[in-house]
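Take a look at the structure set out below.
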Amino acid sequence: MSHYSLDARNSLCPMPVIKTQNRVNELSAGDTLEVSCTDPGALNDIPAWCRINGHEILQAIEQKDEVVITIRVGSN
Amino acid sequence: MSTQRKAVALISGGLDSLLAARLMLEQGIHVEGINFYTGFCVEGHTHAIRKKDKAKPKRNNALWSAEQLGIKLHIVDIIEEYKDVLINPKHGYGANMNPCLDCKIFMVSKAKQWMQEHGFDFIITGEVMGQRPMSQRKDLLPVVVRESGADDRLLRPLCAKNLAATLPEREGWVNREKLLDFSGRNRKPQMALAKQFGFEDYATPAGGCCFLTDANYSRKLVDLWQARNKKDYEFDDIMLLKVGRHLRPAPHYKLIISREDGENKFLNGYRKQFATIEIKSHNGPLTLVDGQMTEKDMQQAARIASRFSQGRNADQVEVKITLLSGREKFLQIKPMPASEINQAWYI
Ligand code: SF4
């Protein structure tokens, strides 16, 4: 189980979701991924994508102009 | 027990694709959604850019649809490949720059590829016969089937009964009797079905699924191609067409003037790629300049940009122009009065 990070800043939704999806698809169950975004829409879209696809949101915080979302990769 | 059949559903975020997928779930089919991002989709970003939209909840309707259905959704970035569809559509454009028929063929062919790679059995779409003038005319539905290569593995649950039986129907994977026979532009049957399934608050896009059906957007795209003398675009180009006021005071340069804070912030991210105009003495918008300006153009551009600042009625405002080379120029100018702004400059 490893921790990874992904820079999805300066891209607009749905690009942060697509980037997250493509990265998560390369990881294994239990791995964690921390995604940084500047589009506040990601705060809705990435958790929605995770719920649909069976991944867990460990944290989603909005700080100044950035949104940071931490995901635990699910098993399917 | 027979094996559970799998269908990949094209999910646009609209009601029709939501209903089509729901009908398949009803029949015990395993359904997963696929959503294609062309760069022109109405989803997402513009809401994030413009502050005035912030009151509305920002949601991606394709994700929302999938969540309502309880299915997985795969979003596929087709920005690069889509260029060829838009630039050279074999079947031409619709009322605006929307190459709907080629677009549908392309998306179904991508879905077919996905289906084969993932061991799925068939494809479903929310198409309804005769609903949209271009891509859903009765005589054109078979064109999508044929040219996408999906052949009889493409099922349209909402109007299947008006069409010849497809493989999933003939093989008994789905019960044709339970499929529908919607046709035409009347949306009432869809709305009634949505109600029956308990779907509320679904998206009702006025035009189609993308900006290319929008007349203003299409005009800006055509202007971009004309100005460059080439039908081509980069991702940033098409994003910028969604933002700000676009004015072309001369064939060789265009101004993109932000309309509010959110746009200002967004345009700010492009400082390294464009010359910029800022109003120093007053509050005002950030302007990007696409093209090369002469000294005389700079005067004119500064006067136009300051027209949209709080100094519009001042005798003099201070304007800073930063060229791509990094050279900065400070100008003292009088904002252009409204009467001098040529309406034909607006793209
Ligand atoms: S509206 Fe846009 S996305 Fe939808 S079929 Fe037409 S071109 Fe394609």
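Labels for the structure tokens follow display order: chains A, B, ..., residues from 1 in each chain, ligands from 1.
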Output the contact residues of chain A with respect to chain B at a cut-off of 6 Å, based on only C-alpha atoms, as a PDB file with N, CA and C atoms, in the first residue's frame.
ATOM      1  N   LEU A  12      -9.678  22.352 -15.757  1.00  0.00           N
ATOM      2  CA  LEU A  12     -11.079  22.540 -15.415  1.00  0.00           C
ATOM      3  C   LEU A  12     -11.847  21.233 -15.526  1.00  0.00           C
ATOM      4  N   CYS A  13     -12.868  21.109 -14.689  1.00  0.00           N
ATOM      5  CA  CYS A  13     -13.700  19.904 -14.717  1.00  0.00           C
ATOM      6  C   CYS A  13     -14.275  19.724 -16.123  1.00  0.00           C
ATOM      7  N   ILE A  52     -19.352   6.380  -7.106  1.00  0.00           N
ATOM      8  CA  ILE A  52     -19.846   5.530  -8.193  1.00  0.00           C
ATOM      9  C   ILE A  52     -18.942   4.326  -8.428  1.00  0.00           C
ATOM     10  N   ASN A  53     -17.642   4.581  -8.347  1.00  0.00           N
ATOM     11  CA  ASN A  53     -16.708   3.532  -8.737  1.00  0.00           C
ATOM     12  C   ASN A  53     -16.106   2.765  -7.558  1.00  0.00           C
TER      13      ASN A  53
END
Taking a cut-off of 6 Å and counting only C-alpha atoms and all ligand atoms, can you build a table that, for each residue of chain B near ligand 1, reports the nearest atom pair and how far apart they are in Å (one decimal), sorted by chain then residue number, as a Markdown table?
| residue | atom | partner | partner_atom_place_in_ligand_line | distance |
| --- | --- | --- | --- | --- |
| B:Asn98 | CA | ligand 1 | 7 (S) | 4.3 |
| B:Pro99 | CA | ligand 1 | 7 (S) | 4.8 |
| B:Cys100 | CA | ligand 1 | 6 (Fe) | 3.5 |
| B:Cys103 | CA | ligand 1 | 8 (Fe) | 4.5 |
| B:Lys104 | CA | ligand 1 | 5 (S) | 5.4 |
| B:Gly208 | CA | ligand 1 | 1 (S) | 4.0 |
| B:Cys209 | CA | ligand 1 | 4 (Fe) | 4.3 |
| B:Cys210 | CA | ligand 1 | 2 (Fe) | 4.3 |
| B:Leu212 | CA | ligand 1 | 2 (Fe) | 5.6 |
| B:Thr213 | CA | ligand 1 | 1 (S) | 5.8 |
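Looking only at segment 241-299 of chain B, the set that DSSP places in helix (DSSP H, G or I) from backbone geometry is Asp261, Gly262, Glu263, Asn264, Lys265, Phe266, Leu267, Asn268, Glu295, Lys296, Asp297, Met298 and Gln299 of chain B.
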Would you write out those residues with N, CA, C and O atoms, as a compact mmCIF listing (two decimals), in the first residue's frame?
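Wrote selection_7.txt, looks like this:
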# COMPACT_ATOMS: atom_id res chain seq x y z
N ASP B 261 -14.98 38.57 -11.93
CA ASP B 261 -13.88 38.02 -11.15
C ASP B 261 -13.41 36.63 -11.52
O ASP B 261 -12.22 36.37 -11.66
N GLY B 262 -14.39 35.75 -11.66
CA GLY B 262 -14.05 34.36 -11.96
C GLY B 262 -13.32 34.27 -13.29
O GLY B 262 -12.32 33.55 -13.41
N GLU B 263 -13.79 35.03 -14.26
CA GLU B 263 -13.14 35.01 -15.57
C GLU B 263 -11.74 35.65 -15.49
O GLU B 263 -10.81 35.19 -16.13
N ASN B 264 -11.66 36.71 -14.69
CA ASN B 264 -10.36 37.35 -14.48
C ASN B 264 -9.33 36.34 -14.01
O ASN B 264 -8.22 36.26 -14.53
N LYS B 265 -9.74 35.56 -13.04
CA LYS B 265 -8.86 34.56 -12.46
C LYS B 265 -8.48 33.53 -13.51
O LYS B 265 -7.32 33.13 -13.64
N PHE B 266 -9.46 33.12 -14.27
CA PHE B 266 -9.21 32.10 -15.29
C PHE B 266 -8.25 32.63 -16.36
O PHE B 266 -7.27 31.98 -16.71
N LEU B 267 -8.51 33.86 -16.83
CA LEU B 267 -7.65 34.44 -17.88
C LEU B 267 -6.23 34.68 -17.36
O LEU B 267 -5.26 34.59 -18.10
N ASN B 268 -6.15 34.96 -16.08
CA ASN B 268 -4.85 35.17 -15.45
C ASN B 268 -3.90 33.99 -15.67
O ASN B 268 -2.69 34.16 -15.78
N GLU B 295 1.99 49.49 -32.76
CA GLU B 295 1.90 50.54 -31.73
C GLU B 295 0.51 51.18 -31.77
O GLU B 295 -0.09 51.48 -30.75
N LYS B 296 0.03 51.38 -32.99
CA LYS B 296 -1.28 52.03 -33.13
C LYS B 296 -2.40 51.13 -32.59
O LYS B 296 -3.32 51.60 -31.93
N ASP B 297 -2.26 49.85 -32.87
CA ASP B 297 -3.25 48.90 -32.34
C ASP B 297 -3.29 48.95 -30.81
O ASP B 297 -4.34 48.83 -30.19
N MET B 298 -2.11 49.10 -30.22
CA MET B 298 -2.04 49.09 -28.76
C MET B 298 -2.85 50.23 -28.18
O MET B 298 -3.55 50.06 -27.18
N GLN B 299 -2.76 51.39 -28.81
CA GLN B 299 -3.54 52.54 -28.36
C GLN B 299 -5.03 52.20 -28.43
O GLN B 299 -5.78 52.41 -27.48
Query - segment 32-197 of chain B: residues DSSP assigns to strand (DSSP E), reported as a ChimeraX atom specification - result: /B:32-37,73-77,122-124,154-155
**Report entry** Coordinates-based distance that separates atom CA of Gly244 of chain B from atom CA of Arg259 of chain B (Å, one decimal)
**Finding:**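 It comes out at 5.5 Å.
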Query raised in the report: Hey, can you check how far atom CA of Tyr217 of chain B sits from atom CA of Glu234 of chain B?
Result: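 Going from atom CA of Tyr217 of chain B over to atom CA of Glu234 of chain B covers 15.5 Å.
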